[in-house]
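Enquirer: Structure provided below as structure tokens; questions to follow.
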Amino acid sequence: EKSGYDYFMLKEIVEQPQAVADTLLGRVGVDGTLTLDEMRLAPSELREIEKIVIIACGTSYHAGLIAKYAIEHWCRIPCEVEVASEFRYRDPILDRQTMVIAISQSGESMDTLMAVRYAREQRARVLAICNVNGSTIPRESDGVLYTHAGPEVGVAATKTFLTQLVACYLVGLYLAQVRSLKFGDEINAVIAQLANMPAQVERVLATVGPVRELAHSLADSGTVLFLGRHVGYPVALEGALKLKELAYMHAEAFAAGELKHGPIALIEEGLPVVVVVPSREGRGVIHDKIVSNIQEIRARGARTIVIAEEGDETVRPFADELIEIPAVPTLLQPLVATIPMQVFACELALAKGNDVDQPRNLAKSVTVE
Ligand code: F6R
């Protein structure tokens, strides 16, 4: 039950360190060897893969977008990501050397299921990443990697999103191991960092308190914009989706580099803009570029709400509100950067008097196309 929380969503946000830990449990050996048995795809098959196509809807699609950055970087396999409802209607190119990854919390989204059926007809190998045991999508796929988030009752995906990210990282790192790439040391280092993420997720939850007051102060805003770069861009998309579905507010996310190509015209006095700043580790250039983006929008009147890693003094002068998250490797940053967005959307919705477990017009699993 709700264990003292007013809403399941609040409880599910707090359960995230455990959900992440449970999804890693038994899969990461002490020496960094990964065991993903239920994948049912033999290493010899995985070595034949030439292309990966990720299909999913909504929040699961955002997990897929993040997976692309990680998989292409670690495995050097081209990776496409597409919303499932578009996928099979455009005659996609699939064959035996294509691995399709279908991400679905419920395992029942009709759009994703139809895309899975289509992919199998085209002889692609299909791996499902799902949270609900024995649901339709894993049953119809070649292999499955279950997320161990436990049941999610709130309609908005929170803990299942974080565990989908973990599952995607595991697949990417496993593929890199099986294909024994030149980055062996890097891969082992990332596995160790991934194993440490439950503690980092716990730390964000401990510091996210001020986001609540901030959210309440923004309840009357008409629009909130979200900006990010690299893996921060899908995190921004996810922040905007959460705000739409829970607070019924107009929210839109952009890749920060696209601002100058049009959206900057939207910036006006007092407009709240949430910016996800990439970690400085290994991504110095994009970090500096986004800092200048923040300066640009602030000079035009935006109220800047900046999510940045702790100790990043470069953003402080341009942040009207600074939300600090632990410093973690860039590719893993979505695991910590998403949490303030969830809390922000949830609190803003509560400030407006909305039922965050049952937002209007939405169902937990969408079983129609
Ligand atoms: C957003 C949300 C939806 C789902 C989408 C896919 O919070 O929950 O966008 O992510 O309907 O659902 P699954 O993952 O069950 O296929």
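Residue names in the structure tokens use chain letters A, B, ... in the order shown, residue numbers from 1 in each chain, and ligand numbers from 1 in the order shown.
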Enumerate as a PyMOL selection string the residues within 8 Å of ligand 1, counting only C-alpha atoms and all ligand atoms.
Expert: chain A and resi 56-61+103-110+112+130+155-158+161+241-242+245+363-366
Enquirer: Which neighbours of Thr338 of chain A fall inside 8 Å, counting only C-alpha atoms, when residues of the same chain fewer than 4 positions from it are skipped, and could you give them as a PDB file with N, CA, C and O atoms, in the first residue's frame?
Expert:
ATOM      1  N   VAL A 235      16.618  13.668 -20.982  1.00  0.00           N
ATOM      2  CA  VAL A 235      16.172  13.943 -19.609  1.00  0.00           C
ATOM      3  C   VAL A 235      15.241  15.159 -19.616  1.00  0.00           C
ATOM      4  O   VAL A 235      14.201  15.187 -18.940  1.00  0.00           O
ATOM      5  N   GLU A 238      11.913  14.114 -20.870  1.00  0.00           N
ATOM      6  CA  GLU A 238      11.193  13.401 -19.821  1.00  0.00           C
ATOM      7  C   GLU A 238      10.627  14.387 -18.784  1.00  0.00           C
ATOM      8  O   GLU A 238       9.482  14.233 -18.336  1.00  0.00           O
ATOM      9  N   GLY A 239      11.393  15.408 -18.442  1.00  0.00           N
ATOM     10  CA  GLY A 239      10.901  16.426 -17.507  1.00  0.00           C
ATOM     11  C   GLY A 239       9.668  17.118 -18.056  1.00  0.00           C
ATOM     12  O   GLY A 239       8.690  17.356 -17.327  1.00  0.00           O
ATOM     13  N   PRO A 334      21.703  10.637 -16.302  1.00  0.00           N
ATOM     14  CA  PRO A 334      20.226  10.626 -16.274  1.00  0.00           C
ATOM     15  C   PRO A 334      19.650   9.945 -15.027  1.00  0.00           C
ATOM     16  O   PRO A 334      18.567  10.313 -14.577  1.00  0.00           O
ATOM     17  N   GLN A 342      11.182  14.743 -11.676  1.00  0.00           N
ATOM     18  CA  GLN A 342       9.999  13.995 -11.204  1.00  0.00           C
ATOM     19  C   GLN A 342       9.367  14.715 -10.026  1.00  0.00           C
ATOM     20  O   GLN A 342       8.145  14.904  -9.973  1.00  0.00           O
TER      21      GLN A 342
END
Enquirer: Taking a cut-off of 9 Å and counting only C-alpha atoms, can you build a table that, for each residue of segment 12-40 of chain A near segment 189-209 of chain A, reports the nearest atom pair and how far apart they are in Å (one decimal), sorted by chain then residue number, as a tab-separated table?
Expert:
residue	atom	partner	partner_atom	distance
A:Ile13	CA	A:Leu205	CA	8.4
A:Val14	CA	A:Leu205	CA	7.0
A:Gln16	CA	A:Val201	CA	7.1
A:Pro17	CA	A:Pro198	CA	4.6
A:Gln18	CA	A:Pro198	CA	6.9
A:Ala19	CA	A:Pro198	CA	8.3
A:Val20	CA	A:Pro198	CA	5.8
A:Ala21	CA	A:Pro198	CA	5.6
A:Leu24	CA	A:Ala195	CA	7.0
A:Val28	CA	A:Ala195	CA	7.4
A:Gly32	CA	A:Ile191	CA	6.3
A:Thr33	CA	A:Ile191	CA	8.7
A:Leu34	CA	A:Ile191	CA	8.7
Enquirer: At what distance in Å, to one decimal, does atom CA of Pro151 of chain A lie from atom CA of Ile325 of chain A?
Expert: 26.7 Å
Enquirer: May I ask which of the residues A:Asp111, A:Asp220, A:Asp357, A:Glu213 is the closest one to Asp6 of chain A, counting only C-alpha atoms?
Expert: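 Among the listed residues, A:Asp357 lies closest to Asp6 of chain A.
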Enquirer: Could you pull out the strand (DSSP E or B) residues of segment 6-153 of chain A from DSSP and send them as a PyMOL selection string?
Expert: chain A and resi 28+34+51-56+79-83+98-104+125-130+143-146
Enquirer: Counting only C-alpha atoms, what is within 12 Å of Gln177 of chain A, bar same-chain residues fewer than 3 positions away, as a ChimeraX atom specification?
Expert: /A:32-36,43,46-47,71,74-75,170-174,180-188,190-191
Enquirer: Just to confirm, what's the straight-line distance from atom CA of Asp320 of chain A to atom CA of Arg303 of chain A in Å (one decimal)?
Expert: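 Interatomic distance, atom CA of Asp320 of chain A to atom CA of Arg303 of chain A: 6.1 Å.
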Enquirer: From segment 88-237 of chain A, collect each residue whose DSSP state is helix (DSSP H, G or I) and return the set as a PyMOL selection string.
Expert: chain A and resi 88-90+110-121+136-139+159-178+184-195+197-207+209-217+232-237
Enquirer: If you count only C-alpha atoms, which residues fall within 10 Å of Pro210 of chain A, apart from same-chain ones fewer than 6 positions away, as JSON, numbers by chain?
Expert: {"A": [321, 322, 323, 340, 344]}
Enquirer: So that I can see what lies close to Thr330 of chain A, please list as an NGL selection string the residues with an atom at most 10 Å from it, counting only C-alpha atoms and leaving out residues fewer than 6 positions away in the same chain.
Expert: :A and (70 or 230-232 or 277-283)
Enquirer: Which distance in Å separates atom CA of Gly150 of chain A and atom CA of Val126 of chain A, to one decimal?
Expert: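 Separation of atom CA of Gly150 of chain A and atom CA of Val126 of chain A: 23.4 Å.
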Enquirer: Do you know which residues are at most 12 Å from Arg120 of chain A counting only C-alpha atoms, after dropping those on the same chain fewer than 5 positions away, and could you put them as a PyMOL selection string?
Expert: chain A and resi 88+94-96+98-102+113-115+125-127+137+140-143
Enquirer: What would the file look like if the residues just selected were written as a PDB file, in the first residue's frame with C-alpha atoms?
Expert:
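Output below, filename part-v7.pdb:
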ATOM      1  CA  ARG A  88       6.049  -0.285 -38.626  1.00  0.00           C
ATOM      2  CA  LEU A  94      15.383  -4.957 -40.628  1.00  0.00           C
ATOM      3  CA  ASP A  95      17.157  -8.269 -41.017  1.00  0.00           C
ATOM      4  CA  ARG A  96      18.745 -11.090 -39.034  1.00  0.00           C
ATOM      5  CA  THR A  98      19.402  -6.287 -36.528  1.00  0.00           C
ATOM      6  CA  MET A  99      18.646  -6.426 -32.838  1.00  0.00           C
ATOM      7  CA  VAL A 100      15.395  -4.730 -31.922  1.00  0.00           C
ATOM      8  CA  ILE A 101      15.077  -3.676 -28.294  1.00  0.00           C
ATOM      9  CA  ALA A 102      11.474  -3.107 -27.222  1.00  0.00           C
ATOM     10  CA  LEU A 113       3.606  -5.006 -29.249  1.00  0.00           C
ATOM     11  CA  MET A 114       2.628  -4.450 -32.887  1.00  0.00           C
ATOM     12  CA  ALA A 115       6.142  -3.169 -33.621  1.00  0.00           C
ATOM     13  CA  ARG A 125      16.094 -10.617 -33.089  1.00  0.00           C
ATOM     14  CA  VAL A 126      13.913  -8.973 -30.475  1.00  0.00           C
ATOM     15  CA  LEU A 127      14.940  -8.265 -26.901  1.00  0.00           C
ATOM     16  CA  ILE A 137       5.788  -8.266 -25.087  1.00  0.00           C
ATOM     17  CA  GLU A 140       6.492 -12.639 -27.886  1.00  0.00           C
ATOM     18  CA  SER A 141      10.169 -11.618 -27.918  1.00  0.00           C
ATOM     19  CA  ASP A 142      13.292 -13.749 -28.392  1.00  0.00           C
ATOM     20  CA  GLY A 143      14.725 -12.700 -25.057  1.00  0.00           C
TER      21      GLY A 143
END
Enquirer: Tell me which of A:Leu225, A:Arg40, A:Ile54, A:Lys159 sits closest to Pro138 of chain A, counting only C-alpha atoms.
Expert: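 Selected residue with least distance to Pro138 of chain A: A:Arg40.
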Enquirer: Could you name the residues that touch Asp37 of chain A at 9 Å or less, counting only C-alpha atoms, but leaving out those on the same chain fewer than 5 positions away, as a PyMOL selection string?
Expert: chain A and resi 27+144-145
Enquirer: Could you write out that same residue set with N, CA, C and O atoms as a PDB file, in the first residue's frame?
Expert:
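Okay, this is what ended up in result_39.pdb:
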ATOM      1  N   ARG A  27      23.319  -9.509 -11.333  1.00  0.00           N
ATOM      2  CA  ARG A  27      23.720  -9.352 -12.735  1.00  0.00           C
ATOM      3  C   ARG A  27      25.153  -8.846 -12.869  1.00  0.00           C
ATOM      4  O   ARG A  27      25.768  -8.996 -13.919  1.00  0.00           O
ATOM      5  N   VAL A 144      14.482 -11.518 -22.984  1.00  0.00           N
ATOM      6  CA  VAL A 144      13.954 -10.438 -22.142  1.00  0.00           C
ATOM      7  C   VAL A 144      14.969 -10.094 -21.063  1.00  0.00           C
ATOM      8  O   VAL A 144      15.754 -10.943 -20.630  1.00  0.00           O
ATOM      9  N   LEU A 145      14.969  -8.839 -20.700  1.00  0.00           N
ATOM     10  CA  LEU A 145      15.716  -8.419 -19.519  1.00  0.00           C
ATOM     11  C   LEU A 145      14.684  -7.705 -18.646  1.00  0.00           C
ATOM     12  O   LEU A 145      14.177  -6.641 -19.027  1.00  0.00           O
TER      13      LEU A 145
END
Enquirer: For a quick check of understanding, using only C-alpha atoms, which of A:Val356, A:Val30, A:Ala149, A:Val336 has the smallest distance to Glu15 of chain A?
Expert: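 Of all the options, A:Ala149 lies closest to Glu15 of chain A.
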Enquirer: So which one's closest to Ile77 of chain A, A:Glu369, A:Thr23, A:Tyr233, A:Ala176? Using only C-alpha atoms, please.
Expert: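 For Ile77 of chain A, the nearest of the given residues is A:Ala176.
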